[in-house]
Structures are given as structure tokens and as C-alpha cells.
Amino acid sequence: MPHSDCNLVDWHAIDTVLLDMDGTLLDLRFDNYFWLDLVPRKFGEVHGLDFALAQAELKPRFAAHHGRLEWYCTDHWSRELNLDIAALKRGAREHIGWLPGAEEFLLTLRRWSKRLLLVTNAHQDSLAIKNEHTGLGRYFDALVSSHEYGYPKEHADFWAALHREHALDRERTLFVDDSVAVLRAARDYGIGHLIIVTHPDSTQADRACDEFPSIPRVAQLLSVNQST
């Protein structure tokens with residue numbers, strides 16, 4: 001039977017596992033590079049700004065939408081910035097990659113016959129590009145973008161919609177994400193088991209979090225001697 005490496009999860013008590021995509025399974029290095037480097041450079045080229053000025057122009061725009069559905073929407077930012085965001089992501093897809101151990105973690109959960117749902121704030125365009133590049137969809141029973149429901153994961157209505165569509169048994173559901181705000185919303189909705197990933201970007205330092213049980217990466221949820 002499955003065991004937990006750090007005693008954070010009693011796998012016997014879990015039927016459904018909800019997993020975030022960026023920063024939980026896929027390396028957030030891509031998204032940080034995309035939004036903090038590539039987009040400012042392309043925005044500067046379009047608007048005749050050097051990199052520093054482009055960054056200064058974009059920072060308050062990004063901050064104004066943070067945590068809202070628009071923040072994650074490629075269509076919104078394409079209109080707002082006069083850039084084809086989806087095309088830029090597709091062109092930079094070689095930077096997309098798994099976090100260490102994430103794919104093996106998914107393979108193990110499939111062997112353990114857990115129901116797996118990907119729940120992401122990524123727009124359908126971004127999800128499609130990352131799925132094409134990594135093949136992550138083959139591990140999941142369903143891929144859920146918050147844009148389907150019209151609310152981000154930070155919002156209670158997202159969780160109500162997810163519950164209605166996928167008939168969650170909240171007490172027997174584990175959710176793993178790298179966002180404190182998202183995990184708070186899941187906790188408020190009554191999701192029974194919550195864990196935060198503290199090392200979402202392989203190029204940055206681990207982030208401390210005392211509010212939720214934490215792991216650097218999802219692979220740490222599995223014991224060395226994995227058995228079925």
C-alpha cells in the first residue's frame with residue numbers, strides 16, 4: 001500500500017488528488033521568464049521603450065489584475081499589450097519543463113488508482129501549449145482551467161463549480177498548489193487535505209510557509225520504497 005514520505009498524507013484517506021500545474025508540476029521558471037523577461041522585451045520593441053522603462057510600465061498593470069481571472073488570460077493581455085501572448089508562449093515553449101520528480105509522482109498515483117484532476121488558473125491557450133509540449137494530460141482524468149467557470153481558484157465560486165462538475169468528496173480530496181491565496185480559498189470551501197509546494201521555480205530559493213503543510217516538491221510526498 002502507498003505511504004507518505006513526510007507523514008503529510010495518509011494515502012488510504014485520499015480518493016481524489018487535485019494538482020495545480022505551474023509551480024507544482026511544471027517549473028515556474030518558464031512563467032517567470034515569460035512575464036518578467038520576454039514580455040517586457042517584446043512590449044518595449046512594440047512601443048519603443050528600453051527594457052527598464054517597459055518593466056516600469058508593465059509592473060502596475062500586472063499588479064492591478066493580480067489574483068483576478070484577467071491576470072491569467074492570454075486574450076486579455078494580448079489586447080492590453082498589443083502582443084500575441086499565445087504565439088509568444090508557443091515560441092518560447094522550449095523553456096517549459098517538469099519540476100524534478102513530478103512526472104514520476106503522477107505515474108505512481110496512477111498506479112495507486114487515485115482520481116487525478118489538474119486544476120489550473122492558466123488560460124486554455126496556455127494549458128494547450130503546455131500539454132502539447134509535456135504530454136501532462138495523459139496522467140489526468142480531467143484538465144480543468146478556471147476560465148471554464150469564470151472565476152479564478154482564489155474565488156469561492158470556482159470551488160463550488162468544480163465540486164458540482166466533479167462530485168468531490170471534500171474530506172477525501174487532497175489539493176496541492178504553490179499559492180497561499182489559492183489554498184486559503186480551498187480551505188474555506190472545505191477541501192480536507194491541503195499542501196503547499198515551496199520550491200516552484202527551480203532557479204530560485206525555497207519559499208518558507210507556516211500556514212499549510214509544506215513540501216519543496218511533490219515527489220517528497222512519496223516514500224523511497226513505493227509499492228502498490
# chains A, B, ... in the order shown; residues from 1 in each chain; ligands from 1
$ residues_around --residues "range 66-69 of chain A" --least-positions-apart "6" --cutoff "8 Å" --atoms "only C-alpha atoms" --output "PyMOL selection string"
chain A and resi 121+146-147+150-152+154
$ write_last_selection --atoms "N, CA and C atoms" --output "mmCIF file, in the first residue's frame"
data_model
loop_
_atom_site.group_PDB
_atom_site.id
_atom_site.type_symbol
_atom_site.label_atom_id
_atom_site.label_comp_id
_atom_site.auth_asym_id
_atom_site.auth_seq_id
_atom_site.Cartn_x
_atom_site.Cartn_y
_atom_site.Cartn_z
ATOM 1 N N ASN A 121 -5.229 27.876 -13.034
ATOM 2 C CA ASN A 121 -5.718 29.192 -13.461
ATOM 3 C C ASN A 121 -5.243 29.539 -14.867
ATOM 4 N N SER A 146 -9.651 27.341 -14.813
ATOM 5 C CA SER A 146 -10.611 28.197 -14.106
ATOM 6 C C SER A 146 -11.397 29.081 -15.066
ATOM 7 N N HIS A 147 -10.881 29.289 -16.274
ATOM 8 C CA HIS A 147 -11.584 30.113 -17.258
ATOM 9 C C HIS A 147 -12.872 29.443 -17.717
ATOM 10 N N GLY A 150 -15.280 30.844 -15.111
ATOM 11 C CA GLY A 150 -15.402 32.297 -14.999
ATOM 12 C C GLY A 150 -14.909 32.882 -13.697
ATOM 13 N N TYR A 151 -14.229 32.063 -12.882
ATOM 14 C CA TYR A 151 -13.677 32.524 -11.608
ATOM 15 C C TYR A 151 -12.307 31.881 -11.406
ATOM 16 N N PRO A 152 -11.341 32.626 -10.856
ATOM 17 C CA PRO A 152 -10.041 32.018 -10.565
ATOM 18 C C PRO A 152 -10.129 31.133 -9.330
ATOM 19 N N GLU A 154 -8.758 31.461 -6.649
ATOM 20 C CA GLU A 154 -8.802 32.263 -5.422
ATOM 21 C C GLU A 154 -10.235 32.569 -4.984
#
$ residues_around --residues "range 127-133 of chain A" --least-positions-apart "3" --cutoff "10 Å" --atoms "only C-alpha atoms" --output "list in words"
Met21, Asp22, Leu26, Ala86, Ala87, Lys89, Arg90, Gly91, Arg93, Glu94, His95, Ile96, Gly97, Thr120, Asn121, Ala122, His123, Gln124, Leu136, Gly137, Arg138, Leu143, Val144 and Ser145 of chain A
$ write_last_selection --atoms "N, CA and C atoms" --output "CSV table (one decimal), in the first residue's frame"
chain,number,residue,atom,x,y,z
A,21,MET,N,-0.9,23.2,-11.8
A,21,MET,CA,0.1,23.0,-12.9
A,21,MET,C,1.4,23.7,-12.7
A,22,ASP,N,1.4,25.1,-12.9
A,22,ASP,CA,2.6,25.9,-12.9
A,22,ASP,C,3.1,26.1,-11.4
A,26,LEU,N,4.8,21.7,-13.2
A,26,LEU,CA,5.8,22.3,-14.2
A,26,LEU,C,6.6,23.4,-13.5
A,86,ALA,N,-0.3,34.2,-26.8
A,86,ALA,CA,-0.3,32.8,-27.0
A,86,ALA,C,0.8,32.4,-28.0
A,87,ALA,N,1.0,33.2,-29.1
A,87,ALA,CA,2.1,33.0,-30.0
A,87,ALA,C,3.5,33.1,-29.4
A,89,LYS,N,4.1,32.5,-26.2
A,89,LYS,CA,4.3,31.3,-25.4
A,89,LYS,C,4.7,30.1,-26.2
A,90,ARG,N,4.0,30.0,-27.3
A,90,ARG,CA,4.3,28.8,-28.2
A,90,ARG,C,5.8,28.9,-28.7
A,91,GLY,N,6.2,30.2,-29.0
A,91,GLY,CA,7.6,30.4,-29.5
A,91,GLY,C,8.6,30.1,-28.4
A,93,ARG,N,8.3,27.8,-26.0
A,93,ARG,CA,7.9,26.6,-25.3
A,93,ARG,C,9.1,25.7,-24.9
A,94,GLU,N,10.3,25.9,-25.5
A,94,GLU,CA,11.4,25.1,-25.1
A,94,GLU,C,11.8,25.3,-23.7
A,95,HIS,N,11.3,26.4,-23.1
A,95,HIS,CA,11.6,26.7,-21.7
A,95,HIS,C,10.7,26.0,-20.7
A,96,ILE,N,9.6,25.4,-21.3
A,96,ILE,CA,8.7,24.7,-20.4
A,96,ILE,C,9.2,23.3,-20.0
A,97,GLY,N,9.1,23.0,-18.7
A,97,GLY,CA,9.7,21.7,-18.3
A,97,GLY,C,9.0,21.3,-17.0
A,120,THR,N,-6.1,24.4,-12.8
A,120,THR,CA,-5.2,25.5,-13.1
A,120,THR,C,-5.9,26.8,-13.4
A,121,ASN,N,-5.2,27.9,-13.0
A,121,ASN,CA,-5.7,29.2,-13.5
A,121,ASN,C,-5.2,29.5,-14.9
A,122,ALA,N,-4.4,28.7,-15.4
A,122,ALA,CA,-3.9,29.0,-16.8
A,122,ALA,C,-5.0,29.0,-17.8
A,123,HIS,N,-5.0,30.0,-18.7
A,123,HIS,CA,-5.9,30.1,-19.8
A,123,HIS,C,-5.8,28.8,-20.6
A,124,GLN,N,-6.9,28.5,-21.3
A,124,GLN,CA,-6.9,27.3,-22.2
A,124,GLN,C,-5.8,27.3,-23.2
A,136,LEU,N,1.3,16.2,-20.3
A,136,LEU,CA,0.8,16.0,-18.9
A,136,LEU,C,-0.6,15.5,-18.9
A,137,GLY,N,-1.4,15.8,-19.9
A,137,GLY,CA,-2.8,15.4,-19.9
A,137,GLY,C,-3.0,13.9,-19.8
A,138,ARG,N,-2.0,13.1,-20.2
A,138,ARG,CA,-2.2,11.7,-20.2
A,138,ARG,C,-2.3,11.1,-18.9
A,143,LEU,N,-8.7,17.8,-17.2
A,143,LEU,CA,-7.9,19.0,-17.1
A,143,LEU,C,-8.9,20.2,-16.9
A,144,VAL,N,-8.8,20.9,-15.9
A,144,VAL,CA,-9.8,22.0,-15.6
A,144,VAL,C,-9.0,23.3,-15.5
A,145,SER,N,-9.5,24.2,-16.4
A,145,SER,CA,-9.0,25.6,-16.4
A,145,SER,C,-10.1,26.5,-15.7
$ residues_around --residues "range 200-216 of chain A" --least-positions-apart "2" --cutoff "12 Å" --atoms "only C-alpha atoms" --output "number ranges by chain"
A: 4-9, 20-33, 96-102, 174-184, 186-187, 193-198, 218-222
$ write_last_selection --atoms "C-alpha atoms" --output "PDB file, in the first residue's frame"
ATOM      1  CA  SER A   4       3.791   9.166   2.758  1.00  0.00           C
ATOM      2  CA  ASP A   5       7.437  10.144   2.982  1.00  0.00           C
ATOM      3  CA  CYS A   6       6.877  13.001   5.421  1.00  0.00           C
ATOM      4  CA  ASN A   7       3.672  11.774   7.061  1.00  0.00           C
ATOM      5  CA  LEU A   8       1.824  14.675   5.460  1.00  0.00           C
ATOM      6  CA  VAL A   9      -0.604  12.423   3.614  1.00  0.00           C
ATOM      7  CA  ASP A  20      -2.007  22.776  -9.758  1.00  0.00           C
ATOM      8  CA  MET A  21       0.091  22.980 -12.922  1.00  0.00           C
ATOM      9  CA  ASP A  22       2.597  25.865 -12.866  1.00  0.00           C
ATOM     10  CA  GLY A  23       4.889  25.734  -9.849  1.00  0.00           C
ATOM     11  CA  THR A  24       3.502  22.402  -8.663  1.00  0.00           C
ATOM     12  CA  LEU A  25       4.113  20.050 -11.589  1.00  0.00           C
ATOM     13  CA  LEU A  26       5.768  22.314 -14.151  1.00  0.00           C
ATOM     14  CA  ASP A  27       8.717  24.535 -13.363  1.00  0.00           C
ATOM     15  CA  LEU A  28       7.608  28.110 -12.673  1.00  0.00           C
ATOM     16  CA  ARG A  29      10.913  29.181 -14.228  1.00  0.00           C
ATOM     17  CA  PHE A  30       9.116  29.350 -17.582  1.00  0.00           C
ATOM     18  CA  ASP A  31       6.363  31.683 -16.362  1.00  0.00           C
ATOM     19  CA  ASN A  32       8.769  33.942 -14.509  1.00  0.00           C
ATOM     20  CA  TYR A  33      10.981  34.147 -17.598  1.00  0.00           C
ATOM     21  CA  ILE A  96       8.652  24.673 -20.426  1.00  0.00           C
ATOM     22  CA  GLY A  97       9.659  21.723 -18.271  1.00  0.00           C
ATOM     23  CA  TRP A  98       8.686  19.430 -15.428  1.00  0.00           C
ATOM     24  CA  LEU A  99       9.781  20.048 -11.874  1.00  0.00           C
ATOM     25  CA  PRO A 100      12.095  17.261 -10.691  1.00  0.00           C
ATOM     26  CA  GLY A 101      10.169  14.133  -9.724  1.00  0.00           C
ATOM     27  CA  ALA A 102       6.758  15.450 -10.782  1.00  0.00           C
ATOM     28  CA  LEU A 174      -6.061  16.288  -1.477  1.00  0.00           C
ATOM     29  CA  PHE A 175      -5.138  19.580  -3.153  1.00  0.00           C
ATOM     30  CA  VAL A 176      -1.531  20.614  -3.838  1.00  0.00           C
ATOM     31  CA  ASP A 177      -0.669  24.134  -5.039  1.00  0.00           C
ATOM     32  CA  ASP A 178       2.119  26.704  -4.681  1.00  0.00           C
ATOM     33  CA  SER A 179      -0.196  29.657  -3.915  1.00  0.00           C
ATOM     34  CA  VAL A 180      -1.199  30.583  -0.364  1.00  0.00           C
ATOM     35  CA  ALA A 181      -4.192  32.597  -1.619  1.00  0.00           C
ATOM     36  CA  VAL A 182      -5.496  29.652  -3.654  1.00  0.00           C
ATOM     37  CA  LEU A 183      -5.032  27.212  -0.779  1.00  0.00           C
ATOM     38  CA  ARG A 184      -6.908  29.544   1.541  1.00  0.00           C
ATOM     39  CA  ALA A 186      -9.781  25.721  -0.991  1.00  0.00           C
ATOM     40  CA  ARG A 187      -9.593  25.537   2.801  1.00  0.00           C
ATOM     41  CA  HIS A 193      -6.216  17.884   2.726  1.00  0.00           C
ATOM     42  CA  LEU A 194      -4.036  20.789   1.627  1.00  0.00           C
ATOM     43  CA  ILE A 195      -0.312  21.027   0.895  1.00  0.00           C
ATOM     44  CA  ILE A 196       1.799  23.880  -0.438  1.00  0.00           C
ATOM     45  CA  VAL A 197       4.825  23.487  -2.726  1.00  0.00           C
ATOM     46  CA  THR A 198       7.595  25.807  -1.547  1.00  0.00           C
ATOM     47  CA  VAL A 218       5.510  16.856  -4.952  1.00  0.00           C
ATOM     48  CA  ALA A 219       7.929  13.924  -5.202  1.00  0.00           C
ATOM     49  CA  GLN A 220       8.531  14.336  -1.457  1.00  0.00           C
ATOM     50  CA  LEU A 221       5.008  13.034  -0.824  1.00  0.00           C
ATOM     51  CA  LEU A 222       6.114   9.545  -1.845  1.00  0.00           C
TER      52      LEU A 222
END
$ atom_distance --atom1 "CA of Ser78 in chain A" --atom2 "CA of Glu148 in chain A"
18.9 Å
$ closest_residue --among "A:Leu116, A:Ala156, A:Ala185, A:Ile85" --to "Phe34 in chain A" --atoms "only C-alpha atoms"
A:Ile85
$ closest_residue --among "A:Phe43, A:Trp159, A:Trp77, A:Trp11" --to "Ser113 in chain A" --atoms "only C-alpha atoms"
A:Trp11
$ select_by_dssp --residues "range 29-194 of chain A" --states "helix (DSSP H, G or I)" --output "ChimeraX atom specification"
/A:29-47,51-65,69-72,74-81,85-91,93-95,102-111,124-134,136-139,146-148,156-166,170-172,180-189
$ write_last_selection --atoms "C-alpha atoms" --output "JSON list (two decimals), in the first residue's frame"
[["chain", "number", "residue", "atom", "x", "y", "z"],
["A", 29, "ARG", "CA", 10.91, 29.18, -14.23],
["A", 30, "PHE", "CA", 9.12, 29.35, -17.58],
["A", 31, "ASP", "CA", 6.36, 31.68, -16.36],
["A", 32, "ASN", "CA", 8.77, 33.94, -14.51],
["A", 33, "TYR", "CA", 10.98, 34.15, -17.60],
["A", 34, "PHE", "CA", 7.97, 34.77, -19.83],
["A", 35, "TRP", "CA", 6.35, 37.56, -17.82],
["A", 36, "LEU", "CA", 9.42, 39.20, -16.29],
["A", 37, "ASP", "CA", 11.79, 38.99, -19.24],
["A", 38, "LEU", "CA", 10.25, 38.07, -22.59],
["A", 39, "VAL", "CA", 7.03, 40.09, -22.39],
["A", 40, "PRO", "CA", 8.75, 43.33, -21.25],
["A", 41, "ARG", "CA", 11.31, 42.96, -24.05],
["A", 42, "LYS", "CA", 8.62, 42.41, -26.71],
["A", 43, "PHE", "CA", 6.44, 45.17, -25.25],
["A", 44, "GLY", "CA", 9.41, 47.53, -25.37],
["A", 45, "GLU", "CA", 10.06, 46.67, -29.01],
["A", 46, "VAL", "CA", 6.44, 47.41, -29.97],
["A", 47, "HIS", "CA", 6.24, 50.65, -28.02],
["A", 51, "PHE", "CA", 13.79, 47.17, -21.09],
["A", 52, "ALA", "CA", 13.77, 49.12, -17.80],
["A", 53, "LEU", "CA", 11.05, 51.50, -19.00],
["A", 54, "ALA", "CA", 8.99, 48.61, -20.32],
["A", 55, "GLN", "CA", 9.23, 46.88, -16.96],
["A", 56, "ALA", "CA", 8.21, 50.06, -15.17],
["A", 57, "GLU", "CA", 5.21, 50.46, -17.48],
["A", 58, "LEU", "CA", 4.06, 46.86, -17.04],
["A", 59, "LYS", "CA", 4.55, 46.43, -13.29],
["A", 60, "PRO", "CA", 1.48, 48.44, -12.16],
["A", 61, "ARG", "CA", -0.64, 46.94, -14.94],
["A", 62, "PHE", "CA", 0.19, 43.46, -13.77],
["A", 63, "ALA", "CA", -0.32, 44.35, -10.11],
["A", 64, "ALA", "CA", -3.78, 45.77, -10.81],
["A", 65, "HIS", "CA", -5.01, 42.40, -12.09],
["A", 69, "LEU", "CA", -9.13, 35.95, -13.84],
["A", 70, "GLU", "CA", -7.75, 38.59, -16.24],
["A", 71, "TRP", "CA", -4.28, 38.10, -14.79],
["A", 72, "TYR", "CA", -4.24, 34.56, -16.20],
["A", 74, "THR", "CA", -3.89, 35.34, -22.69],
["A", 75, "ASP", "CA", -6.69, 37.11, -24.59],
["A", 76, "HIS", "CA", -6.78, 39.93, -22.03],
["A", 77, "TRP", "CA", -3.04, 40.57, -22.17],
["A", 78, "SER", "CA", -2.93, 40.28, -25.96],
["A", 79, "ARG", "CA", -5.46, 43.13, -26.15],
["A", 80, "GLU", "CA", -3.93, 45.12, -23.30],
["A", 81, "LEU", "CA", -0.33, 44.96, -24.54],
["A", 85, "ILE", "CA", 0.63, 36.29, -25.96],
["A", 86, "ALA", "CA", -0.29, 32.77, -27.05],
["A", 87, "ALA", "CA", 2.08, 32.96, -30.02],
["A", 88, "LEU", "CA", 4.87, 34.24, -27.76],
["A", 89, "LYS", "CA", 4.30, 31.33, -25.38],
["A", 90, "ARG", "CA", 4.34, 28.84, -28.21],
["A", 91, "GLY", "CA", 7.58, 30.36, -29.49],
["A", 93, "ARG", "CA", 7.93, 26.56, -25.33],
["A", 94, "GLU", "CA", 11.42, 25.08, -25.14],
["A", 95, "HIS", "CA", 11.64, 26.71, -21.70],
["A", 102, "ALA", "CA", 6.76, 15.45, -10.78],
["A", 103, "GLU", "CA", 6.20, 13.04, -13.64],
["A", 104, "GLU", "CA", 7.21, 10.05, -11.52],
["A", 105, "PHE", "CA", 4.80, 11.29, -8.82],
["A", 106, "LEU", "CA", 1.94, 11.25, -11.32],
["A", 107, "LEU", "CA", 2.87, 7.79, -12.57],
["A", 108, "THR", "CA", 2.80, 6.50, -9.01],
["A", 109, "LEU", "CA", -0.61, 7.99, -8.28],
["A", 110, "ARG", "CA", -1.97, 6.40, -11.45],
["A", 111, "ARG", "CA", -0.67, 3.03, -10.24],
["A", 124, "GLN", "CA", -6.94, 27.32, -22.17],
["A", 125, "ASP", "CA", -4.32, 28.59, -24.67],
["A", 126, "SER", "CA", -1.54, 28.20, -22.11],
["A", 127, "LEU", "CA", -2.84, 24.85, -20.94],
["A", 128, "ALA", "CA", -2.95, 23.55, -24.51],
["A", 129, "ILE", "CA", 0.62, 24.68, -25.26],
["A", 130, "LYS", "CA", 1.99, 23.12, -22.08],
["A", 131, "ASN", "CA", 0.02, 19.93, -22.61],
["A", 132, "GLU", "CA", 1.33, 19.63, -26.17],
["A", 133, "HIS", "CA", 4.91, 20.18, -25.00],
["A", 134, "THR", "CA", 4.91, 17.91, -21.93],
["A", 136, "LEU", "CA", 0.85, 16.04, -18.95],
["A", 137, "GLY", "CA", -2.79, 15.41, -19.91],
["A", 138, "ARG", "CA", -2.23, 11.69, -20.25],
["A", 139, "TYR", "CA", -1.89, 11.34, -16.48],
["A", 146, "SER", "CA", -10.61, 28.20, -14.11],
["A", 147, "HIS", "CA", -11.58, 30.11, -17.26],
["A", 148, "GLU", "CA", -14.21, 27.43, -17.90],
["A", 156, "ALA", "CA", -15.18, 30.50, -3.73],
["A", 157, "ASP", "CA", -17.33, 30.18, -6.87],
["A", 158, "PHE", "CA", -14.53, 28.28, -8.60],
["A", 159, "TRP", "CA", -14.62, 25.62, -5.91],
["A", 160, "ALA", "CA", -18.40, 25.38, -5.99],
["A", 161, "ALA", "CA", -18.31, 24.89, -9.77],
["A", 162, "LEU", "CA", -15.53, 22.30, -9.53],
["A", 163, "HIS", "CA", -17.48, 20.44, -6.85],
["A", 164, "ARG", "CA", -20.65, 20.40, -8.96],
["A", 165, "GLU", "CA", -18.91, 19.14, -12.08],
["A", 166, "HIS", "CA", -16.67, 16.54, -10.49],
["A", 170, "ARG", "CA", -14.15, 17.09, 0.16],
["A", 171, "GLU", "CA", -12.98, 15.03, 3.14],
["A", 172, "ARG", "CA", -11.22, 12.53, 0.85],
["A", 180, "VAL", "CA", -1.20, 30.58, -0.36],
["A", 181, "ALA", "CA", -4.19, 32.60, -1.62],
["A", 182, "VAL", "CA", -5.50, 29.65, -3.65],
["A", 183, "LEU", "CA", -5.03, 27.21, -0.78],
["A", 184, "ARG", "CA", -6.91, 29.54, 1.54],
["A", 185, "ALA", "CA", -9.87, 29.52, -0.83],
["A", 186, "ALA", "CA", -9.78, 25.72, -0.99],
["A", 187, "ARG", "CA", -9.59, 25.54, 2.80],
["A", 188, "ASP", "CA", -12.55, 27.90, 3.16],
["A", 189, "TYR", "CA", -14.54, 25.66, 0.81]]
$ select_by_dssp --residues "range 24-166 of chain A" --states "strand (DSSP E)" --output "MDAnalysis selection string"
chainID A and resid 115:120 142:145
$ write_last_selection --atoms "N, CA and C atoms" --output "short mmCIF file (atom, residue, chain, number, x, y, z; two decimals), in the first residue's frame"
data_model
loop_
_atom_site.label_atom_id
_atom_site.label_comp_id
_atom_site.auth_asym_id
_atom_site.auth_seq_id
_atom_site.Cartn_x
_atom_site.Cartn_y
_atom_site.Cartn_z
N ARG A 115 -7.95 9.19 -8.38
CA ARG A 115 -8.53 10.06 -9.40
C ARG A 115 -7.72 11.35 -9.41
N LEU A 116 -7.22 11.74 -10.59
CA LEU A 116 -6.36 12.91 -10.71
C LEU A 116 -7.03 13.98 -11.55
N LEU A 117 -7.14 15.18 -10.98
CA LEU A 117 -7.68 16.33 -11.69
C LEU A 117 -6.63 17.44 -11.68
N LEU A 118 -6.29 17.94 -12.87
CA LEU A 118 -5.45 19.13 -12.96
C LEU A 118 -6.36 20.33 -12.82
N VAL A 119 -6.07 21.20 -11.86
CA VAL A 119 -6.88 22.41 -11.67
C VAL A 119 -5.95 23.61 -11.74
N THR A 120 -6.10 24.41 -12.78
CA THR A 120 -5.16 25.48 -13.05
C THR A 120 -5.87 26.78 -13.38
N ALA A 142 -9.12 14.52 -15.79
CA ALA A 142 -9.69 15.74 -16.36
C ALA A 142 -8.70 16.88 -16.19
N LEU A 143 -8.71 17.80 -17.16
CA LEU A 143 -7.93 19.03 -17.09
C LEU A 143 -8.92 20.18 -16.94
N VAL A 144 -8.79 20.94 -15.86
CA VAL A 144 -9.76 22.00 -15.56
C VAL A 144 -9.04 23.34 -15.54
N SER A 145 -9.46 24.24 -16.43
CA SER A 145 -9.00 25.63 -16.39
C SER A 145 -10.07 26.47 -15.70
#
